[in-house]
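Peer 1: Pasting coords10.cif here (mmCIF, C-alpha atoms):
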```
data_query
#
loop_
_atom_site.label_atom_id
_atom_site.label_comp_id
_atom_site.auth_asym_id
_atom_site.auth_seq_id
_atom_site.Cartn_x
_atom_site.Cartn_y
_atom_site.Cartn_z
CA MET M 1 40.42 -14.64 -19.79
CA THR M 2 36.81 -14.93 -18.56
CA TYR M 3 34.64 -11.83 -18.38
CA ARG M 4 32.14 -11.64 -15.55
CA PHE M 5 28.92 -9.79 -16.18
CA ASP M 6 27.86 -7.61 -13.30
CA TYR M 7 24.47 -5.91 -13.26
CA SER M 8 24.32 -5.35 -9.52
CA TRP M 9 24.32 -1.59 -10.15
CA ILE M 10 20.94 -1.58 -11.90
CA ALA M 11 18.96 -1.15 -8.70
CA GLU M 12 21.03 1.89 -7.70
CA TYR M 13 21.02 3.57 -11.10
CA TRP M 14 17.54 2.60 -12.27
CA PRO M 15 16.17 6.15 -11.71
CA VAL M 16 18.89 7.50 -14.04
CA ILE M 17 17.98 4.94 -16.71
CA LEU M 18 14.26 5.68 -16.35
CA LYS M 19 14.87 9.43 -16.65
CA GLY M 20 16.89 8.86 -19.83
CA LEU M 21 14.16 6.63 -21.24
CA VAL M 22 11.46 9.21 -20.53
CA THR M 23 13.57 11.98 -22.10
CA THR M 24 14.12 9.94 -25.27
CA VAL M 25 10.39 9.20 -25.55
CA GLU M 26 9.54 12.88 -25.04
CA LEU M 27 12.07 13.95 -27.67
CA THR M 28 10.63 11.42 -30.11
CA LEU M 29 7.00 12.39 -29.56
CA ILE M 30 7.56 16.14 -29.80
CA GLY M 31 10.05 15.82 -32.65
CA THR M 32 7.69 13.58 -34.62
CA LEU M 33 4.62 15.78 -34.13
CA PHE M 34 6.25 19.03 -35.20
CA GLY M 35 8.70 17.44 -37.64
CA VAL M 36 5.96 15.78 -39.68
CA ALA M 37 3.92 19.00 -39.58
CA LEU M 38 6.95 20.87 -40.93
CA GLY M 39 7.42 18.17 -43.55
CA ILE M 40 3.81 18.54 -44.72
CA ALA M 41 4.31 22.30 -45.03
CA CYS M 42 7.51 21.80 -47.04
CA ALA M 43 5.87 19.19 -49.29
CA TRP M 44 2.91 21.48 -49.99
CA THR M 45 5.22 24.41 -50.75
CA ARG M 46 7.37 22.45 -53.17
CA SER M 47 4.44 20.78 -54.95
CA LEU M 48 1.59 23.26 -54.85
CA GLY M 49 2.74 26.39 -53.05
CA PRO M 50 3.75 29.82 -54.35
CA ARG M 51 6.77 29.72 -56.64
CA TRP M 52 8.61 32.41 -54.68
CA LEU M 53 8.55 30.19 -51.58
CA ARG M 54 10.05 27.16 -53.28
CA PRO M 55 13.74 28.21 -53.49
CA PRO M 56 14.16 28.77 -49.71
CA VAL M 57 12.39 25.49 -48.96
CA VAL M 58 14.60 23.64 -51.46
CA ALA M 59 17.68 25.24 -49.88
CA TYR M 60 16.56 24.17 -46.40
CA VAL M 61 15.85 20.59 -47.47
CA GLU M 62 19.15 20.20 -49.31
CA LEU M 63 21.12 21.77 -46.45
CA ILE M 64 19.65 19.47 -43.81
CA ARG M 65 19.75 16.30 -45.92
CA ASN M 66 23.40 16.84 -46.84
CA THR M 67 24.88 17.73 -43.44
CA PRO M 68 25.35 15.52 -40.35
CA PHE M 69 22.68 15.64 -37.65
CA LEU M 70 25.38 16.11 -35.01
CA ILE M 71 26.65 19.27 -36.73
CA GLN M 72 23.10 20.60 -36.93
CA LEU M 73 22.70 19.93 -33.21
CA PHE M 74 25.99 21.68 -32.37
CA PHE M 75 25.07 24.66 -34.55
CA ILE M 76 21.78 25.09 -32.71
CA PHE M 77 23.13 24.58 -29.20
CA PHE M 78 26.56 26.22 -29.47
CA GLY M 79 26.13 28.53 -32.45
CA LEU M 80 22.77 30.23 -31.90
CA PRO M 81 23.70 31.61 -28.44
CA SER M 82 26.28 33.82 -30.18
CA LEU M 83 23.30 35.42 -31.95
CA GLY M 84 21.50 35.89 -28.64
CA VAL M 85 19.26 32.79 -28.91
CA GLN M 86 19.52 30.89 -25.63
CA MET M 87 17.91 27.51 -25.04
CA THR M 88 18.22 24.49 -22.78
CA GLU M 89 19.73 21.19 -23.84
CA PHE M 90 16.27 19.66 -24.20
CA GLN M 91 14.97 22.56 -26.29
CA ALA M 92 18.01 22.43 -28.57
CA ALA M 93 17.60 18.66 -29.01
CA VAL M 94 13.91 19.03 -29.86
CA LEU M 95 14.57 21.82 -32.36
CA ALA M 96 17.33 19.82 -34.05
CA MET M 97 15.07 16.76 -34.37
CA VAL M 98 12.16 18.81 -35.73
CA ILE M 99 14.35 20.52 -38.33
CA ASN M 100 15.98 17.24 -39.34
CA LEU M 101 12.78 15.22 -39.59
CA GLY M 102 11.01 18.10 -41.33
CA ALA M 103 13.47 18.01 -44.23
CA TYR M 104 13.42 14.23 -44.69
CA SER M 105 9.69 13.80 -44.18
CA GLY M 106 9.02 16.69 -46.56
CA GLU M 107 10.69 14.83 -49.41
CA ILE M 108 8.90 11.59 -48.53
CA ILE M 109 5.50 13.30 -48.39
CA ARG M 110 6.23 15.19 -51.62
CA ALA M 111 6.74 11.85 -53.37
CA GLY M 112 3.28 10.81 -52.20
CA ILE M 113 1.76 14.06 -53.44
CA GLU M 114 3.39 13.79 -56.86
CA ALA M 115 2.01 10.26 -57.20
CA THR M 116 -1.53 11.64 -56.83
CA PRO M 117 -3.54 11.36 -60.06
CA ARG M 118 -4.15 14.72 -61.71
CA GLY M 119 -7.85 13.92 -61.78
CA GLN M 120 -8.05 14.49 -58.03
CA PHE M 121 -6.73 18.03 -58.42
CA GLU M 122 -9.19 18.64 -61.24
CA ALA M 123 -12.04 17.29 -59.10
CA GLY M 124 -11.12 19.75 -56.36
CA ALA M 125 -11.02 22.63 -58.83
CA SER M 126 -14.42 21.63 -60.21
CA LEU M 127 -15.83 22.00 -56.69
CA ALA M 128 -14.44 25.55 -56.51
CA MET M 129 -11.79 24.56 -53.98
CA THR M 130 -8.59 26.56 -53.69
CA ARG M 131 -5.28 24.78 -54.20
CA PHE M 132 -4.78 24.62 -50.43
CA GLU M 133 -8.30 23.28 -49.82
CA THR M 134 -7.78 20.65 -52.50
CA PHE M 135 -4.50 19.68 -50.87
CA ARG M 136 -6.02 19.50 -47.40
CA HIS M 137 -9.27 17.69 -48.20
CA VAL M 138 -8.47 15.66 -51.31
CA VAL M 139 -4.72 15.06 -51.68
CA LEU M 140 -3.06 14.89 -48.25
CA ILE M 141 -4.60 11.75 -46.72
CA PRO M 142 -4.16 9.55 -49.85
CA ALA M 143 -0.60 10.86 -50.16
CA LEU M 144 0.18 10.00 -46.53
CA GLN M 145 -1.37 6.58 -47.04
CA ARG M 146 1.02 5.86 -49.91
CA ILE M 147 4.17 6.84 -48.05
CA TRP M 148 3.26 5.86 -44.46
CA PRO M 149 5.69 2.89 -44.26
CA ALA M 150 8.58 5.04 -45.52
CA LEU M 151 7.63 7.90 -43.19
CA SER M 152 7.38 5.50 -40.24
CA SER M 153 10.87 4.17 -40.97
CA GLN M 154 12.24 7.72 -41.10
CA ILE M 155 10.68 8.53 -37.72
CA VAL M 156 12.35 5.46 -36.21
CA ILE M 157 15.68 6.49 -37.75
CA VAL M 158 15.39 9.95 -36.20
CA MET M 159 14.55 8.41 -32.83
CA LEU M 160 17.66 6.23 -32.99
CA GLY M 161 19.71 9.22 -34.17
CA SER M 162 18.63 11.12 -31.08
CA ALA M 163 21.35 9.20 -29.22
CA VAL M 164 23.78 11.97 -30.19
CA VAL M 165 21.91 14.58 -28.12
CA SER M 166 23.89 13.31 -25.15
CA GLN M 167 26.80 15.25 -26.68
CA ILE M 168 25.15 18.47 -25.49
CA ALA M 169 24.29 16.92 -22.09
CA ALA M 170 20.63 16.25 -22.89
CA GLU M 171 19.78 13.51 -20.40
CA ASP M 172 18.58 10.78 -22.76
CA ILE M 173 19.30 7.04 -22.67
CA THR M 174 22.83 7.42 -24.02
CA PHE M 175 23.59 10.14 -21.47
CA ALA M 176 22.41 7.75 -18.74
CA ALA M 177 24.67 4.98 -20.09
CA ASN M 178 27.68 7.31 -20.19
CA PHE M 179 26.96 8.48 -16.65
CA ILE M 180 26.60 4.94 -15.31
CA GLN M 181 29.74 3.59 -16.95
CA SER M 182 31.74 6.55 -15.63
CA ARG M 183 30.65 5.63 -12.10
CA THR M 184 30.68 1.83 -12.25
CA PHE M 185 33.35 1.26 -14.94
CA ARG M 186 31.05 -1.41 -16.40
CA ALA M 187 31.05 -0.13 -19.97
CA PHE M 188 30.02 -3.40 -21.63
CA GLU M 189 27.01 -3.90 -19.38
CA SER M 190 25.96 -0.24 -19.57
CA TYR M 191 25.98 -0.09 -23.36
CA PHE M 192 24.53 -3.58 -23.73
CA LEU M 193 21.55 -2.46 -21.66
CA THR M 194 21.32 0.74 -23.70
CA THR M 195 21.29 -1.25 -26.94
CA GLY M 196 18.42 -3.35 -25.62
CA LEU M 197 16.43 -0.27 -24.62
CA TYR M 198 16.85 1.33 -28.06
CA LEU M 199 15.84 -1.96 -29.71
CA LEU M 200 12.67 -2.17 -27.60
CA LEU M 201 11.88 1.49 -28.26
CA ALA M 202 12.30 1.03 -32.02
CA LEU M 203 10.04 -2.02 -32.06
CA ALA M 204 7.43 -0.30 -29.89
CA LEU M 205 7.54 2.82 -32.06
CA ARG M 206 7.05 0.79 -35.24
CA GLN M 207 4.02 -0.91 -33.70
CA ALA M 208 2.61 2.42 -32.52
CA LEU M 209 3.04 3.95 -35.97
CA ARG M 210 1.42 0.91 -37.55
CA GLY M 211 -1.55 1.42 -35.22
CA VAL M 212 -1.72 5.12 -36.11
CA GLY M 213 -1.71 4.15 -39.77
CA LYS M 214 -4.66 1.81 -39.26
CA MET M 215 -6.61 4.60 -37.55
CA LEU M 216 -5.78 7.18 -40.22
CA PHE M 217 -6.30 4.84 -43.16
CA PRO M 218 -9.05 2.36 -42.17
CA ARG M 219 -9.73 1.36 -45.79
CA ARG M 220 -6.13 0.26 -46.25
CA ALA M 221 -6.22 -1.73 -43.02
CA ALA M 222 -9.37 -3.52 -44.16
CA ARG M 223 -7.78 -4.85 -47.36
#
```
Write out the structure in this file as structure tokens.
Peer 2:
Amino acid sequence: MTYRFDYSWIAEYWPVILKGLVTTVELTLIGTLFGVALGIACAWTRSLGPRWLRPPVVAYVELIRNTPFLIQLFFIFFGLPSLGVQMTEFQAAVLAMVINLGAYSGEIIRAGIEATPRGQFEAGASLAMTRFETFRHVVLIPALQRIWPALSSQIVIVMLGSAVVSQIAAEDITFAANFIQSRTFRAFESYFLTTGLYLLLALALRQALRGVGKMLFPRRAAR
């Protein structure tokens, strides 16, 4: 039996594909920005922050890292409304990605902080810096430099994991593929195209993060 590929529907459904692509990129950009910021806050709390703040942060990190992303997404979108918290599909998807990336990136960044020589902390103290000032001006950038490849990989993983947001009708690439195959009945072609788009996005994101790393850490790039 010979299978015939048919991509004649691309011209008709290209706007749907483009909308899904834009949504996925938006989710990734917003999720990365706020997720990494949350991760930095968690890493600081666990390494240098007040002791009373550490248990709730540990509980959050362990909860997120040991439960499926899809369940977290469903809890936010379907569970929070019962508590009176209403949000759109896009908002729920963004919040889920931020919370998920925040937990994973927090542990990655914490590893970079704990690899910082104690002498750097002592140098900050000798300049009358507070613990937070020492973290911000002395520790953070070298720590990020150490773990940037691992953090970049985690960001790409979260971007690829965003495919499940279609389960709450967020109109990303996977949602577009599901919509197209339900209209054209060309499942193989629809998901083959989707696979290619995610592959290109992942490669582009890795290159973008590599470029960001070179801007943030020029000394490392010069080696």
Peer 1: Mind telling me what the PyMOL selection byres ((chain M and resi 46) around 10) catches here, as a list in words?
Peer 2: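 This file, filtered by the PyMOL selection byres ((chain M and resi 46) around 10), leaves Ile40, Ala41, Cys42, Ala43, Trp44, Thr45, Ser47, Leu48, Gly49, Pro50, Arg51, Leu53, Arg54, Pro55, Pro56, Val57, Val58, Gly106, Glu107 and Arg110 of chain M.
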Peer 1: Write out the residues from the selection above, keeping C-alpha atoms, as a short mmCIF file (atom, residue, chain, number, x, y, z; two decimals), keeping the file's coordinate frame.
Peer 2:
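File again_39.cif, as written:
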```
data_model
loop_
_atom_site.label_atom_id
_atom_site.label_comp_id
_atom_site.auth_asym_id
_atom_site.auth_seq_id
_atom_site.Cartn_x
_atom_site.Cartn_y
_atom_site.Cartn_z
CA ILE M 40 3.81 18.54 -44.72
CA ALA M 41 4.31 22.30 -45.03
CA CYS M 42 7.51 21.80 -47.04
CA ALA M 43 5.87 19.19 -49.29
CA TRP M 44 2.91 21.48 -49.99
CA THR M 45 5.22 24.41 -50.75
CA SER M 47 4.44 20.78 -54.95
CA LEU M 48 1.59 23.26 -54.85
CA GLY M 49 2.74 26.39 -53.05
CA PRO M 50 3.75 29.82 -54.35
CA ARG M 51 6.77 29.72 -56.64
CA LEU M 53 8.55 30.19 -51.58
CA ARG M 54 10.05 27.16 -53.28
CA PRO M 55 13.74 28.21 -53.49
CA PRO M 56 14.16 28.77 -49.71
CA VAL M 57 12.39 25.49 -48.96
CA VAL M 58 14.60 23.64 -51.46
CA GLY M 106 9.02 16.69 -46.56
CA GLU M 107 10.69 14.83 -49.41
CA ARG M 110 6.23 15.19 -51.62
#
```
Peer 1: For a test of reading the model, state the distance in Å between atom CA of Phe217 of chain M and atom CA of Ile147 of chain M, rounded to one decimal.
Peer 2: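 Taking atom CA of Phe217 of chain M as the start and atom CA of Ile147 of chain M as the end point, the length is 11.7 Å.
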Peer 1: With the cut-off set at 8 Å and counting only C-alpha atoms, tabulate each residue of segment 132-176 of chain M with an atom at most that distance from an atom of segment 112-124 of chain M, showing the nearest atom pair and its distance in Å to one decimal, ordered by chain and increasing number, as JSON lines.
Peer 2:
```
{"residue": "M:Glu133", "atom": "CA", "partner": "M:Gly124", "partner_atom": "CA", "distance": 7.9}
{"residue": "M:Thr134", "atom": "CA", "partner": "M:Gly124", "partner_atom": "CA", "distance": 5.2}
{"residue": "M:Val138", "atom": "CA", "partner": "M:Gln120", "partner_atom": "CA", "distance": 6.8}
{"residue": "M:Val139", "atom": "CA", "partner": "M:Ile113", "partner_atom": "CA", "distance": 6.8}
{"residue": "M:Leu140", "atom": "CA", "partner": "M:Ile113", "partner_atom": "CA", "distance": 7.1}
{"residue": "M:Pro142", "atom": "CA", "partner": "M:Thr116", "partner_atom": "CA", "distance": 7.7}
{"residue": "M:Ala143", "atom": "CA", "partner": "M:Gly112", "partner_atom": "CA", "distance": 4.4}
{"residue": "M:Leu144", "atom": "CA", "partner": "M:Gly112", "partner_atom": "CA", "distance": 6.5}
{"residue": "M:Arg146", "atom": "CA", "partner": "M:Gly112", "partner_atom": "CA", "distance": 5.9}
{"residue": "M:Ile147", "atom": "CA", "partner": "M:Gly112", "partner_atom": "CA", "distance": 5.8}
```
Peer 1: Quick one: which residues end up in the PyMOL selection byres ((chain M and resi 95) around 12) for this structure, as a PyMOL selection string?
Peer 2: chain M and resi 27-28+30-35+38+69+72-77+80+87-94+96-102+162+165
Peer 1: Mind giving me the straight-line distance from atom CA of Phe188 of chain M to atom CA of Ala170 of chain M in Å, one decimal?
Peer 2: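 Computed distance, atom CA of Phe188 of chain M to atom CA of Ala170 of chain M, equals 21.8 Å.
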Peer 1: What is the distance between atom CA of Ile108 of chain M and atom CA of Ala150 of chain M, in Å to one decimal?
Peer 2: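 Taking atom CA of Ile108 of chain M as the start and atom CA of Ala150 of chain M as the end point, the length is 7.2 Å.
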Peer 1: Would you write out, as a count of residues only, every residue that the PyMOL selection byres ((chain M and resi 205) around 10) captures in this file?
Peer 2: 20
Peer 1: Restricting the calculation to only C-alpha atoms: of M:Ile17, M:Ile10, M:Ile71, M:Val61, which residue gets closest to Gln167 of chain M?
Peer 2: M:Ile71
Peer 1: Considering all atoms listed in the file, can you say which of M:Ile173, M:Leu216, M:Val16, M:Leu151 comes closest to Ala111 of chain M?
Peer 2: M:Leu151
Peer 1: Find the spatial neighbours of Phe175 of chain M, counting all atoms listed in the file, within a cut-off of 12 Å - ignore same-chain residues fewer than 3 positions away - and output them as a PyMOL selection string.
Peer 2: chain M and resi 16-21+23-24+89+162-172+178-182+190-191+194
Peer 1: Write a file of the just-selected residues containing C-alpha atoms, as a CSV table (one decimal), in the coordinates of the input.
Peer 2:
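Full text of result23.csv as output:
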```
chain,number,residue,atom,x,y,z
M,16,VAL,CA,18.9,7.5,-14.0
M,17,ILE,CA,18.0,4.9,-16.7
M,18,LEU,CA,14.3,5.7,-16.4
M,19,LYS,CA,14.9,9.4,-16.6
M,20,GLY,CA,16.9,8.9,-19.8
M,21,LEU,CA,14.2,6.6,-21.2
M,23,THR,CA,13.6,12.0,-22.1
M,24,THR,CA,14.1,9.9,-25.3
M,89,GLU,CA,19.7,21.2,-23.8
M,162,SER,CA,18.6,11.1,-31.1
M,163,ALA,CA,21.4,9.2,-29.2
M,164,VAL,CA,23.8,12.0,-30.2
M,165,VAL,CA,21.9,14.6,-28.1
M,166,SER,CA,23.9,13.3,-25.2
M,167,GLN,CA,26.8,15.2,-26.7
M,168,ILE,CA,25.2,18.5,-25.5
M,169,ALA,CA,24.3,16.9,-22.1
M,170,ALA,CA,20.6,16.2,-22.9
M,171,GLU,CA,19.8,13.5,-20.4
M,172,ASP,CA,18.6,10.8,-22.8
M,178,ASN,CA,27.7,7.3,-20.2
M,179,PHE,CA,27.0,8.5,-16.6
M,180,ILE,CA,26.6,4.9,-15.3
M,181,GLN,CA,29.7,3.6,-17.0
M,182,SER,CA,31.7,6.6,-15.6
M,190,SER,CA,26.0,-0.2,-19.6
M,191,TYR,CA,26.0,-0.1,-23.4
M,194,THR,CA,21.3,0.7,-23.7
```
Peer 1: Using all atoms listed in the file, pick whichever of M:Thr195, M:Thr67, M:Ile109, M:Glu189 has the shortest atom-to-atom distance to Arg4 of chain M.
Peer 2: M:Glu189
